[in-house]
$ cat run35.cif   # mmCIF, C-alpha atoms
data_target
loop_
_atom_site.group_PDB
_atom_site.id
_atom_site.type_symbol
_atom_site.label_atom_id
_atom_site.label_comp_id
_atom_site.auth_asym_id
_atom_site.auth_seq_id
_atom_site.Cartn_x
_atom_site.Cartn_y
_atom_site.Cartn_z
ATOM 1 C CA MET A 1 11.620 10.972 -43.451
ATOM 2 C CA ALA A 2 11.206 11.533 -47.193
ATOM 3 C CA LEU A 3 12.427 15.087 -46.694
ATOM 4 C CA LEU A 4 15.496 13.726 -44.904
ATOM 5 C CA THR A 5 16.226 11.473 -47.865
ATOM 6 C CA ASP A 6 16.215 14.518 -50.156
ATOM 7 C CA THR A 7 18.124 16.795 -47.777
ATOM 8 C CA ILE A 8 21.013 14.782 -46.305
ATOM 9 C CA PRO A 9 22.727 14.163 -49.695
ATOM 10 C CA LEU A 10 22.692 17.927 -50.347
ATOM 11 C CA LEU A 11 24.359 18.627 -46.987
ATOM 12 C CA CYS A 12 27.218 16.220 -47.736
ATOM 13 C CA ARG A 13 29.626 16.668 -50.658
ATOM 14 C CA SER A 14 30.748 13.046 -50.913
ATOM 15 C CA LYS A 15 29.324 9.604 -50.340
ATOM 16 C CA ASP A 16 31.748 9.082 -47.482
ATOM 17 C CA ASP A 17 30.445 12.317 -45.939
ATOM 18 C CA VAL A 18 26.908 10.895 -46.097
ATOM 19 C CA VAL A 19 28.048 7.724 -44.314
ATOM 20 C CA ASN A 20 29.808 9.804 -41.643
ATOM 21 C CA PHE A 21 26.719 12.037 -41.244
ATOM 22 C CA LEU A 22 24.558 8.964 -40.670
ATOM 23 C CA ARG A 23 27.087 7.455 -38.282
ATOM 24 C CA GLY A 24 27.243 10.739 -36.351
ATOM 25 C CA ALA A 25 23.512 10.371 -35.624
ATOM 26 C CA GLY A 26 24.113 6.965 -34.073
ATOM 27 C CA THR A 27 23.497 4.672 -37.038
ATOM 28 C CA SER A 28 25.039 1.319 -36.219
ATOM 29 C CA GLU A 29 27.976 -0.139 -38.108
ATOM 30 C CA ALA A 30 25.757 -3.134 -38.852
ATOM 31 C CA LEU A 31 23.661 -0.910 -41.134
ATOM 32 C CA LEU A 32 26.578 1.048 -42.548
ATOM 33 C CA GLY A 33 28.870 -1.955 -43.114
ATOM 34 C CA ARG A 34 27.013 -3.131 -46.212
ATOM 35 C CA ILE A 35 27.113 0.413 -47.621
ATOM 36 C CA ARG A 36 30.870 0.562 -47.102
ATOM 37 C CA GLU A 37 31.289 -2.774 -48.908
ATOM 38 C CA GLN A 38 29.282 -1.505 -51.894
ATOM 39 C CA LEU A 39 31.375 1.657 -52.042
ATOM 40 C CA ALA A 40 34.551 -0.387 -51.940
ATOM 41 C CA LEU A 41 33.396 -2.642 -54.786
ATOM 42 C CA ASP A 42 31.861 -0.030 -57.100
ATOM 43 C CA ARG A 43 31.415 3.565 -55.906
ATOM 44 C CA GLY A 44 29.654 4.545 -59.126
ATOM 45 C CA ALA A 45 26.856 2.047 -58.555
ATOM 46 C CA VAL A 46 25.793 3.697 -55.276
ATOM 47 C CA SER A 47 24.530 7.300 -55.085
ATOM 48 C CA LYS A 48 24.310 9.565 -52.046
ATOM 49 C CA TYR A 49 20.504 9.398 -52.314
ATOM 50 C CA LYS A 50 20.500 5.587 -52.433
ATOM 51 C CA ILE A 51 22.720 5.394 -49.353
ATOM 52 C CA THR A 52 20.424 7.755 -47.438
ATOM 53 C CA ARG A 53 17.238 6.063 -48.627
ATOM 54 C CA ASP A 54 18.461 2.554 -47.749
ATOM 55 C CA VAL A 55 19.644 3.496 -44.259
ATOM 56 C CA ILE A 56 16.522 5.509 -43.393
ATOM 57 C CA GLY A 57 14.341 2.694 -44.736
ATOM 58 C CA GLN A 58 16.060 0.191 -42.460
ATOM 59 C CA LEU A 59 15.811 2.580 -39.510
ATOM 60 C CA ASN A 60 12.061 2.839 -40.108
ATOM 61 C CA GLU A 61 11.749 -0.944 -40.209
ATOM 62 C CA GLN A 62 13.344 -1.105 -36.755
ATOM 63 C CA GLY A 63 10.338 0.670 -35.273
ATOM 64 C CA ASP A 64 10.870 1.889 -31.707
ATOM 65 C CA GLN A 65 14.376 0.410 -31.677
ATOM 66 C CA GLY A 66 15.474 2.875 -34.378
ATOM 67 C CA LEU A 67 13.520 5.831 -32.943
ATOM 68 C CA GLY A 68 16.510 7.355 -31.192
ATOM 69 C CA VAL A 69 18.636 7.387 -34.345
ATOM 70 C CA ARG A 70 15.786 8.827 -36.436
ATOM 71 C CA ARG A 71 15.335 11.641 -33.906
ATOM 72 C CA ALA A 72 19.097 12.276 -33.895
ATOM 73 C CA LEU A 73 19.056 12.572 -37.696
ATOM 74 C CA LEU A 74 16.244 15.107 -37.487
ATOM 75 C CA ARG A 75 18.132 17.066 -34.854
ATOM 76 C CA ARG A 76 21.362 17.093 -36.910
ATOM 77 C CA VAL A 77 19.487 18.348 -39.980
ATOM 78 C CA THR A 78 17.388 21.001 -38.222
ATOM 79 C CA GLU A 79 20.469 22.322 -36.403
ATOM 80 C CA PHE A 80 22.552 22.443 -39.609
ATOM 81 C CA ASP A 81 23.661 26.034 -40.238
ATOM 82 C CA ASP A 82 26.961 25.954 -42.169
ATOM 83 C CA PHE A 83 25.810 25.544 -45.752
ATOM 84 C CA SER A 84 29.253 26.544 -47.045
ATOM 85 C CA THR A 85 30.222 22.883 -46.730
ATOM 86 C CA CYS A 86 27.635 21.968 -49.405
ATOM 87 C CA TRP A 87 28.343 22.144 -53.111
ATOM 88 C CA PRO A 88 27.676 25.738 -54.256
ATOM 89 C CA ASP A 89 24.848 24.666 -56.568
ATOM 90 C CA ASP A 90 23.185 22.732 -53.688
ATOM 91 C CA GLN A 91 23.344 25.418 -51.013
ATOM 92 C CA LEU A 92 20.099 27.263 -51.840
ATOM 93 C CA LYS A 93 18.096 24.055 -52.226
ATOM 94 C CA ALA A 94 19.607 22.643 -49.026
ATOM 95 C CA ARG A 95 18.620 25.798 -47.106
ATOM 96 C CA GLY A 96 15.042 25.500 -48.369
ATOM 97 C CA LEU A 97 14.744 21.814 -47.490
ATOM 98 C CA VAL A 98 16.224 22.333 -44.009
ATOM 99 C CA ALA A 99 13.772 25.184 -43.407
ATOM 100 C CA GLN A 100 10.923 22.968 -44.587
ATOM 101 C CA ILE A 101 11.989 20.158 -42.250
ATOM 102 C CA ARG A 102 12.181 22.648 -39.369
ATOM 103 C CA ASP A 103 8.617 23.738 -40.100
ATOM 104 C CA VAL A 104 7.366 20.136 -40.235
ATOM 105 C CA VAL A 105 9.160 19.234 -37.012
ATOM 106 C CA GLY A 106 7.844 22.386 -35.334
ATOM 107 C CA VAL A 107 4.242 21.587 -36.271
ATOM 108 C CA LYS A 108 4.607 17.974 -35.200
ATOM 109 C CA ASP A 109 6.194 19.022 -31.896
ATOM 110 C CA SER A 110 3.350 21.468 -31.324
ATOM 111 C CA PHE A 111 0.757 18.762 -31.851
ATOM 112 C CA THR A 112 2.771 16.425 -29.644
ATOM 113 C CA ARG A 113 2.918 19.035 -26.882
ATOM 114 C CA MET A 114 -0.810 19.702 -27.251
ATOM 115 C CA GLN A 115 -1.528 15.996 -26.993
ATOM 116 C CA GLN A 116 0.764 15.670 -23.995
ATOM 117 C CA GLU A 117 -0.957 18.617 -22.304
ATOM 118 C CA ARG A 118 -4.366 17.063 -23.007
ATOM 119 C CA ASP A 119 -3.152 13.750 -21.635
ATOM 120 C CA GLN A 120 -1.737 15.436 -18.543
ATOM 121 C CA GLU A 121 -4.955 17.394 -18.024
ATOM 122 C CA ARG A 122 -7.027 14.223 -18.415
ATOM 123 C CA GLU A 123 -4.762 12.368 -15.985
ATOM 124 C CA ALA A 124 -5.037 15.250 -13.511
ATOM 125 C CA HIS A 125 -8.852 15.154 -13.757
ATOM 126 C CA VAL A 126 -8.867 11.396 -13.269
ATOM 127 C CA ALA A 127 -6.524 11.672 -10.282
ATOM 128 C CA ALA A 128 -8.633 14.463 -8.766
ATOM 129 C CA ARG A 129 -11.830 12.445 -9.261
ATOM 130 C CA ARG A 130 -10.266 9.373 -7.697
ATOM 131 C CA ALA A 131 -8.986 11.454 -4.767
ATOM 132 C CA THR A 132 -12.474 12.885 -4.253
ATOM 133 C CA GLU A 133 -14.055 9.438 -4.446
ATOM 134 C CA ASP A 134 -11.500 8.051 -1.990
ATOM 135 C CA LYS A 135 -12.140 10.960 0.371
ATOM 136 C CA LEU A 136 -15.900 10.377 0.182
ATOM 137 C CA ARG A 137 -15.442 6.661 0.819
ATOM 138 C CA ARG A 138 -13.244 7.340 3.843
ATOM 139 C CA ARG A 139 -15.692 9.946 5.109
ATOM 140 C CA GLY A 140 -18.595 7.528 4.608
ATOM 141 C CA ALA A 141 -16.728 4.846 6.562
ATOM 142 C CA LEU A 142 -16.135 7.321 9.399
ATOM 143 C CA TYR A 143 -19.811 8.259 9.496
ATOM 144 C CA ALA A 144 -20.790 4.589 9.569
ATOM 145 C CA ASP A 145 -18.383 3.929 12.439
ATOM 146 C CA LEU A 146 -19.703 6.921 14.401
ATOM 147 C CA ARG A 147 -23.308 5.838 13.839
ATOM 148 C CA THR A 148 -22.460 2.414 15.235
ATOM 149 C CA GLN A 149 -20.728 3.892 18.270
ATOM 150 C CA ILE A 150 -23.512 6.336 19.070
ATOM 151 C CA SER A 151 -26.071 3.526 18.759
ATOM 152 C CA ASN A 152 -24.068 1.434 21.226
ATOM 153 C CA LEU A 153 -24.322 4.222 23.800
ATOM 154 C CA PHE A 154 -28.078 3.703 24.152
ATOM 155 C CA GLY A 155 -27.463 0.207 25.526
ATOM 156 C CA MET A 156 -24.953 1.285 28.193
ATOM 157 C CA GLU A 157 -26.126 0.921 31.799
ATOM 158 C CA ASP A 158 -23.188 2.762 33.375
ATOM 159 C CA THR A 159 -24.352 6.370 33.025
ATOM 160 C CA HIS A 160 -21.001 7.880 34.014
ATOM 161 C CA LYS A 161 -19.109 5.836 31.433
ATOM 162 C CA ARG A 162 -21.791 6.604 28.866
ATOM 163 C CA GLY A 163 -21.308 10.338 29.460
ATOM 164 C CA LEU A 164 -17.543 10.087 29.002
ATOM 165 C CA GLU A 165 -17.972 8.021 25.846
ATOM 166 C CA LEU A 166 -20.393 10.601 24.464
ATOM 167 C CA GLU A 167 -17.927 13.438 25.095
ATOM 168 C CA SER A 168 -15.196 11.550 23.230
ATOM 169 C CA LEU A 169 -17.593 10.674 20.427
ATOM 170 C CA LEU A 170 -18.661 14.302 20.002
ATOM 171 C CA ASN A 171 -15.027 15.313 19.610
ATOM 172 C CA ARG A 172 -14.702 12.864 16.721
ATOM 173 C CA ILE A 173 -17.933 14.151 15.151
ATOM 174 C CA PHE A 174 -16.717 17.756 15.283
ATOM 175 C CA SER A 175 -13.327 16.757 13.896
ATOM 176 C CA LEU A 176 -15.017 15.495 10.704
ATOM 177 C CA ASP A 177 -15.431 19.115 9.598
ATOM 178 C CA GLY A 178 -11.976 20.136 10.720
ATOM 179 C CA ILE A 179 -13.392 22.050 13.681
ATOM 180 C CA GLY A 180 -10.809 22.933 16.311
ATOM 181 C CA ILE A 181 -11.296 20.853 19.458
ATOM 182 C CA ARG A 182 -10.065 20.861 23.028
ATOM 183 C CA GLU A 183 -11.198 17.887 25.035
ATOM 184 C CA ALA A 184 -12.626 17.954 28.558
ATOM 185 C CA PHE A 185 -10.536 19.691 31.189
ATOM 186 C CA THR A 186 -10.826 20.818 34.819
ATOM 187 C CA LEU A 187 -9.936 24.216 36.274
ATOM 188 C CA ARG A 188 -8.606 23.950 39.822
ATOM 189 C CA LEU A 189 -8.117 26.332 42.724
ATOM 190 C CA GLU A 190 -4.700 27.033 44.270
ATOM 191 C CA ASP A 191 -5.233 24.232 46.810
ATOM 192 C CA GLY A 192 -5.900 21.774 43.980
ATOM 193 C CA GLU A 193 -9.635 21.551 44.525
ATOM 194 C CA ALA A 194 -11.690 21.337 41.320
ATOM 195 C CA ALA A 195 -13.342 24.686 40.622
ATOM 196 C CA GLU A 196 -14.850 24.100 37.202
ATOM 197 C CA GLN A 197 -15.320 21.134 34.875
ATOM 198 C CA ILE A 198 -15.455 21.871 31.144
ATOM 199 C CA ASP A 199 -16.716 19.047 28.912
ATOM 200 C CA GLY A 200 -14.997 20.456 25.867
ATOM 201 C CA VAL A 201 -14.211 23.449 23.687
ATOM 202 C CA VAL A 202 -14.723 23.796 19.921
ATOM 203 C CA GLU A 203 -13.744 26.616 17.585
ATOM 204 C CA LEU A 204 -15.671 27.350 14.393
ATOM 205 C CA ASP A 205 -15.101 30.335 12.082
ATOM 206 C CA GLY A 206 -13.013 32.009 14.758
ATOM 207 C CA GLN A 207 -15.751 31.660 17.401
ATOM 208 C CA ILE A 208 -15.042 29.642 20.551
ATOM 209 C CA TYR A 209 -17.819 27.550 22.134
ATOM 210 C CA LEU A 210 -17.737 26.049 25.627
ATOM 211 C CA VAL A 211 -19.436 22.668 25.309
ATOM 212 C CA GLU A 212 -21.542 20.931 27.946
ATOM 213 C CA VAL A 213 -22.962 17.433 27.348
ATOM 214 C CA LYS A 214 -25.752 15.885 29.408
ATOM 215 C CA TRP A 215 -27.446 12.487 29.138
ATOM 216 C CA TRP A 216 -30.269 12.577 31.644
ATOM 217 C CA ALA A 217 -33.454 10.567 31.807
ATOM 218 C CA LYS A 218 -35.589 13.736 31.870
ATOM 219 C CA PRO A 219 -35.339 17.181 30.247
ATOM 220 C CA LEU A 220 -32.598 19.378 31.650
ATOM 221 C CA ASP A 221 -33.882 21.853 34.222
ATOM 222 C CA ILE A 222 -32.644 25.369 34.841
ATOM 223 C CA ASN A 223 -29.850 24.458 37.277
ATOM 224 C CA PRO A 224 -27.344 22.681 34.957
ATOM 225 C CA VAL A 225 -28.122 25.147 32.181
ATOM 226 C CA SER A 226 -27.550 28.148 34.475
ATOM 227 C CA ARG A 227 -24.228 26.750 35.640
ATOM 228 C CA HIS A 228 -23.082 26.528 32.043
ATOM 229 C CA LEU A 229 -24.307 30.079 31.365
ATOM 230 C CA VAL A 230 -22.119 31.291 34.233
ATOM 231 C CA ARG A 231 -19.069 29.583 32.686
ATOM 232 C CA VAL A 232 -19.787 31.300 29.369
ATOM 233 C CA ILE A 233 -20.464 34.798 30.713
ATOM 234 C CA ASN A 234 -17.254 34.711 32.744
ATOM 235 C CA ARG A 235 -15.257 34.441 29.505
ATOM 236 C CA ALA A 236 -15.321 37.470 27.211
ATOM 237 C CA GLY A 237 -16.325 36.729 23.623
ATOM 238 C CA VAL A 238 -17.004 33.033 24.266
ATOM 239 C CA SER A 239 -20.252 31.333 23.213
ATOM 240 C CA GLY A 240 -22.008 28.376 24.792
ATOM 241 C CA LEU A 241 -23.203 25.049 23.392
ATOM 242 C CA MET A 242 -25.176 22.460 25.324
ATOM 243 C CA ILE A 243 -26.106 19.054 23.941
ATOM 244 C CA SER A 244 -28.769 17.058 25.754
ATOM 245 C CA ALA A 245 -29.993 13.537 25.157
ATOM 246 C CA SER A 246 -33.345 14.353 26.808
ATOM 247 C CA GLY A 247 -34.238 17.882 25.719
ATOM 248 C CA TYR A 248 -34.758 20.911 27.977
ATOM 249 C CA SER A 249 -37.412 22.195 30.372
ATOM 250 C CA SER A 250 -39.254 25.412 29.574
ATOM 251 C CA PRO A 251 -37.574 27.374 32.418
ATOM 252 C CA ALA A 252 -34.162 26.285 31.126
ATOM 253 C CA VAL A 253 -34.969 27.472 27.600
ATOM 254 C CA GLN A 254 -36.355 30.781 28.891
ATOM 255 C CA GLU A 255 -33.197 31.373 30.923
ATOM 256 C CA CYS A 256 -31.118 30.917 27.751
ATOM 257 C CA GLU A 257 -33.384 33.332 25.865
ATOM 258 C CA ARG A 258 -32.771 35.990 28.524
ATOM 259 C CA PHE A 259 -29.037 35.307 28.325
ATOM 260 C CA LEU A 260 -28.940 36.218 24.627
ATOM 261 C CA VAL A 261 -28.611 39.918 25.494
ATOM 262 C CA HIS A 262 -25.188 39.080 26.941
ATOM 263 C CA GLY A 263 -23.889 36.453 24.542
ATOM 264 C CA VAL A 264 -24.647 33.446 22.366
ATOM 265 C CA MET A 265 -26.081 30.252 23.807
ATOM 266 C CA VAL A 266 -27.011 27.308 21.594
ATOM 267 C CA LEU A 267 -29.072 24.363 22.806
ATOM 268 C CA GLY A 268 -28.782 21.178 20.807
ATOM 269 C CA GLU A 269 -30.159 17.676 21.128
ATOM 270 C CA LEU A 270 -28.414 14.360 20.655
ATOM 271 C CA ARG A 271 -31.068 13.282 18.163
ATOM 272 C CA GLU A 272 -30.007 16.138 15.877
ATOM 273 C CA LEU A 273 -26.474 14.756 15.785
ATOM 274 C CA VAL A 274 -27.796 11.243 15.142
ATOM 275 C CA LEU A 275 -29.735 12.628 12.179
ATOM 276 C CA LEU A 276 -26.634 14.428 10.895
ATOM 277 C CA LEU A 277 -24.668 11.179 11.008
ATOM 278 C CA GLU A 278 -27.424 9.275 9.219
ATOM 279 C CA ARG A 279 -27.482 11.869 6.430
ATOM 280 C CA GLU A 280 -23.703 12.320 6.466
ATOM 281 C CA GLU A 281 -24.196 16.076 6.727
ATOM 282 C CA SER A 282 -21.903 18.765 8.121
ATOM 283 C CA ILE A 283 -21.985 19.423 11.847
ATOM 284 C CA GLY A 284 -20.240 22.719 11.130
ATOM 285 C CA SER A 285 -23.198 23.860 9.004
ATOM 286 C CA TRP A 286 -25.542 22.677 11.748
ATOM 287 C CA LEU A 287 -23.777 24.770 14.384
ATOM 288 C CA ARG A 288 -23.628 27.826 12.113
ATOM 289 C CA GLN A 289 -27.370 27.627 11.460
ATOM 290 C CA LYS A 290 -28.153 27.158 15.139
ATOM 291 C CA THR A 291 -25.946 30.142 16.003
ATOM 292 C CA ARG A 292 -27.641 32.377 13.420
ATOM 293 C CA MET A 293 -31.064 31.475 14.787
ATOM 294 C CA ALA A 294 -29.929 32.234 18.332
ATOM 295 C CA LYS A 295 -28.512 35.620 17.319
ATOM 296 C CA LEU A 296 -31.124 36.831 14.834
ATOM 297 C CA GLU A 297 -34.334 35.112 15.948
ATOM 298 C CA ARG A 298 -33.485 34.887 19.645
ATOM 299 C CA ARG A 299 -34.129 31.154 19.516
ATOM 300 C CA PRO A 300 -31.388 29.300 21.378
ATOM 301 C CA TYR A 301 -33.436 26.099 21.238
ATOM 302 C CA ALA A 302 -34.391 25.403 17.621
ATOM 303 C CA VAL A 303 -34.299 21.712 16.720
ATOM 304 C CA LEU A 304 -33.190 21.395 13.115
ATOM 305 C CA ASP A 305 -34.116 18.425 10.955
ATOM 306 C CA VAL A 306 -33.560 19.852 7.461
ATOM 307 C CA ASP A 307 -30.666 19.765 5.006
ATOM 308 C CA PHE A 308 -28.201 22.640 5.283
#
$ encode --input "run35.cif" --output "structure tokens"
Amino acid sequence: MALLTDTIPLLCRSKDDVVNFLRGAGTSEALLGRIREQLALDRGAVSKYKITRDVIGQLNEQGDQGLGVRRALLRRVTEFDDFSTCWPDDQLKARGLVAQIRDVVGVKDSFTRMQQERDQEREAHVAARRATEDKLRRRGALYADLRTQISNLFGMEDTHKRGLELESLLNRIFSLDGIGIREAFTLRLEDGEAAEQIDGVVELDGQIYLVEVKWWAKPLDINPVSRHLVRVINRAGVSGLMISASGYSSPAVQECERFLVHGVMVLGELRELVLLLEREESIGSWLRQKTRMAKLERRPYAVLDVDF
């Protein structure tokens, strides 16, 4: 602002020109009125520098209210390019002062932009952290709800209803990891008779799994497992996933081991999923690990209880 006080009088030949320059930047008549009165009474008692200094001083005292006018003054000075309107002896000095003001404004604007960028970056980090925290809270609430629902299943006496509830619950568990899901469906013959009941289908990493869910009082024997193996082998490139609440018999596991020469079969237990929910871990990682062990180690039935 001190530079403005030295520069504006050089850009204007007369005192009236100074007043008009200040008014052109938006200076109110309330500030300029007293200056006009002084000029009318005694022009010799008021210099161009005094007019500029008094007005800029009052604009500074206005604080934020005078910010717009102060910025307009800076803009008018930095954009000034016709120095032929100045007195010949003032032109060189005026050019130097305008250039100096441009440099000062440029540096200040650079620091302002840097500060704004830092503020924006900090705000973006804060927003991202809050979004992550909100996502974790929502995910935690979903896990808690699923844990409650799966616990309630153990008290159900209606086994058929319990099986349906478990199928629906498993769909929700898989959906936590964004795994593609198709719920239970029935394939029918031309006469409408049911030919095949599929508990569900999930898709992970481009691999499709036919899902079969069983809640029996004893380990699954070879018959229900074999039926599911037939469903899988009749579909090219499809893998199988069985989830049992009571484990599997040795013949059933051995049948799945023999099947591995034809395709992938994964045997899981309900207690593994309960553990995943308690730890709030990824069911997608669980299925990937189980699939790797079935393919590489020929172990379709490997109960996992470790972090992934």
$ closest_residue --input "run35.cif" --among "A:Leu59, A:Val202, A:Val232, A:Cys86" --to "Ser14 of chain A" --atoms "all atoms listed in the file"
A:Cys86
$ atom_distance --input "run35.cif" --atom1 "atom CA of Pro9 of chain A" --atom2 "atom CA of Thr52 of chain A"
7.2 Å
$ atom_distance --input "run35.cif" --atom1 "atom CA of Met242 of chain A" --atom2 "atom CA of Glu203 of chain A"
14.4 Å
$ atom_distance --input "run35.cif" --atom1 "atom CA of Val46 of chain A" --atom2 "atom CA of Lys15 of chain A"
8.5 Å
$ resolve_selection --input "run35.cif" --expression "the PyMOL selection byres ((chain A and resi 300) around 6)" --output "list of chain:residue names"
A:Met265, A:Val266, A:Leu267, A:Ala294, A:Arg299, A:Tyr301
$ write_last_selection --input "run35.cif" --atoms "C-alpha atoms" --output "short mmCIF file (atom, residue, chain, number, x, y, z; two decimals), in the coordinates of the input"
data_model
loop_
_atom_site.label_atom_id
_atom_site.label_comp_id
_atom_site.auth_asym_id
_atom_site.auth_seq_id
_atom_site.Cartn_x
_atom_site.Cartn_y
_atom_site.Cartn_z
CA MET A 265 -26.08 30.25 23.81
CA VAL A 266 -27.01 27.31 21.59
CA LEU A 267 -29.07 24.36 22.81
CA ALA A 294 -29.93 32.23 18.33
CA ARG A 299 -34.13 31.15 19.52
CA TYR A 301 -33.44 26.10 21.24
#
$ residues_around --input "run35.cif" --residues "Gly206 of chain A" --least-positions-apart "5" --cutoff "12 Å" --atoms "only C-alpha atoms" --output "PDB file with C-alpha atoms, in the coordinates of the input"
ATOM      1  CA  ILE A 179     -13.392  22.050  13.681  1.00  0.00           C
ATOM      2  CA  GLY A 180     -10.809  22.933  16.311  1.00  0.00           C
ATOM      3  CA  GLY A 237     -16.325  36.729  23.623  1.00  0.00           C
ATOM      4  CA  VAL A 238     -17.004  33.033  24.266  1.00  0.00           C
ATOM      5  CA  SER A 239     -20.252  31.333  23.213  1.00  0.00           C
ATOM      6  CA  ARG A 288     -23.628  27.826  12.113  1.00  0.00           C
TER       7      ARG A 288
END
$ resolve_selection --input "run35.cif" --expression "the PyMOL selection byres ((chain A and resi 158-167) around 8)" --output "list in words"
Ile150, Leu153, Met156, Glu157, Ser168, Leu169, Leu170, Asn171, Ala184, Asp199, Gly200, Val213, Lys214 and Trp215 of chain A
$ residues_around --input "run35.cif" --residues "segment 224-228 of chain A" --least-positions-apart "2" --cutoff "10 Å" --atoms "all atoms listed in the file" --output "JSON, numbers by chain"
{"A": [196, 197, 198, 210, 211, 212, 214, 220, 221, 222, 230, 231, 232, 233, 240, 241, 242, 248, 249, 251, 252, 253, 255, 256, 259, 265, 267]}
$ write_last_selection --input "run35.cif" --atoms "C-alpha atoms" --output "PDB file, keeping the file's coordinate frame"
ATOM      1  CA  GLU A 196     -14.850  24.100  37.202  1.00  0.00           C
ATOM      2  CA  GLN A 197     -15.320  21.134  34.875  1.00  0.00           C
ATOM      3  CA  ILE A 198     -15.455  21.871  31.144  1.00  0.00           C
ATOM      4  CA  LEU A 210     -17.737  26.049  25.627  1.00  0.00           C
ATOM      5  CA  VAL A 211     -19.436  22.668  25.309  1.00  0.00           C
ATOM      6  CA  GLU A 212     -21.542  20.931  27.946  1.00  0.00           C
ATOM      7  CA  LYS A 214     -25.752  15.885  29.408  1.00  0.00           C
ATOM      8  CA  LEU A 220     -32.598  19.378  31.650  1.00  0.00           C
ATOM      9  CA  ASP A 221     -33.882  21.853  34.222  1.00  0.00           C
ATOM     10  CA  ILE A 222     -32.644  25.369  34.841  1.00  0.00           C
ATOM     11  CA  VAL A 230     -22.119  31.291  34.233  1.00  0.00           C
ATOM     12  CA  ARG A 231     -19.069  29.583  32.686  1.00  0.00           C
ATOM     13  CA  VAL A 232     -19.787  31.300  29.369  1.00  0.00           C
ATOM     14  CA  ILE A 233     -20.464  34.798  30.713  1.00  0.00           C
ATOM     15  CA  GLY A 240     -22.008  28.376  24.792  1.00  0.00           C
ATOM     16  CA  LEU A 241     -23.203  25.049  23.392  1.00  0.00           C
ATOM     17  CA  MET A 242     -25.176  22.460  25.324  1.00  0.00           C
ATOM     18  CA  TYR A 248     -34.758  20.911  27.977  1.00  0.00           C
ATOM     19  CA  SER A 249     -37.412  22.195  30.372  1.00  0.00           C
ATOM     20  CA  PRO A 251     -37.574  27.374  32.418  1.00  0.00           C
ATOM     21  CA  ALA A 252     -34.162  26.285  31.126  1.00  0.00           C
ATOM     22  CA  VAL A 253     -34.969  27.472  27.600  1.00  0.00           C
ATOM     23  CA  GLU A 255     -33.197  31.373  30.923  1.00  0.00           C
ATOM     24  CA  CYS A 256     -31.118  30.917  27.751  1.00  0.00           C
ATOM     25  CA  PHE A 259     -29.037  35.307  28.325  1.00  0.00           C
ATOM     26  CA  MET A 265     -26.081  30.252  23.807  1.00  0.00           C
ATOM     27  CA  LEU A 267     -29.072  24.363  22.806  1.00  0.00           C
TER      28      LEU A 267
END
$ closest_residue --input "run35.cif" --among "A:Asp82, A:Asp16, A:Asn234, A:Gln58" --to "Gln38 of chain A" --atoms "only C-alpha atoms"
A:Asp16
$ closest_residue --input "run35.cif" --among "A:Leu10, A:Val201, A:Val19, A:Ala40" --to "Ser84 of chain A" --atoms "all atoms listed in the file"
A:Leu10
$ resolve_selection --input "run35.cif" --expression "the PyMOL selection byres ((chain A and resi 23) around 12)" --output "PyMOL selection string"
chain A and resi 16-22+24-33+35-36+52+55-56+69-70+72-73+76
$ closest_residue --input "run35.cif" --among "A:Ile181, A:Leu287, A:Leu176, A:Ala217" --to "Val303 of chain A" --atoms "all atoms listed in the file"
A:Leu287
$ residues_near_point --input "run35.cif" --point "(-31.7, 36.7, 16.0)" --cutoff "12 Å" --atoms "all atoms listed in the file" --output "JSON list (two decimals) with C-alpha atoms, keeping the file's coordinate frame"
[["chain", "number", "residue", "atom", "x", "y", "z"],
["A", 257, "GLU", "CA", -33.38, 33.33, 25.86],
["A", 260, "LEU", "CA", -28.94, 36.22, 24.63],
["A", 261, "VAL", "CA", -28.61, 39.92, 25.49],
["A", 263, "GLY", "CA", -23.89, 36.45, 24.54],
["A", 264, "VAL", "CA", -24.65, 33.45, 22.37],
["A", 265, "MET", "CA", -26.08, 30.25, 23.81],
["A", 266, "VAL", "CA", -27.01, 27.31, 21.59],
["A", 289, "GLN", "CA", -27.37, 27.63, 11.46],
["A", 290, "LYS", "CA", -28.15, 27.16, 15.14],
["A", 291, "THR", "CA", -25.95, 30.14, 16.00],
["A", 292, "ARG", "CA", -27.64, 32.38, 13.42],
["A", 293, "MET", "CA", -31.06, 31.48, 14.79],
["A", 294, "ALA", "CA", -29.93, 32.23, 18.33],
["A", 295, "LYS", "CA", -28.51, 35.62, 17.32],
["A", 296, "LEU", "CA", -31.12, 36.83, 14.83],
["A", 297, "GLU", "CA", -34.33, 35.11, 15.95],
["A", 298, "ARG", "CA", -33.48, 34.89, 19.64],
["A", 299, "ARG", "CA", -34.13, 31.15, 19.52],
["A", 300, "PRO", "CA", -31.39, 29.30, 21.38],
["A", 301, "TYR", "CA", -33.44, 26.10, 21.24],
["A", 302, "ALA", "CA", -34.39, 25.40, 17.62]]
$ closest_residue --input "run35.cif" --among "A:Trp216, A:Asp42, A:Leu277, A:Met1" --to "Leu74 of chain A" --atoms "all atoms listed in the file"
A:Met1
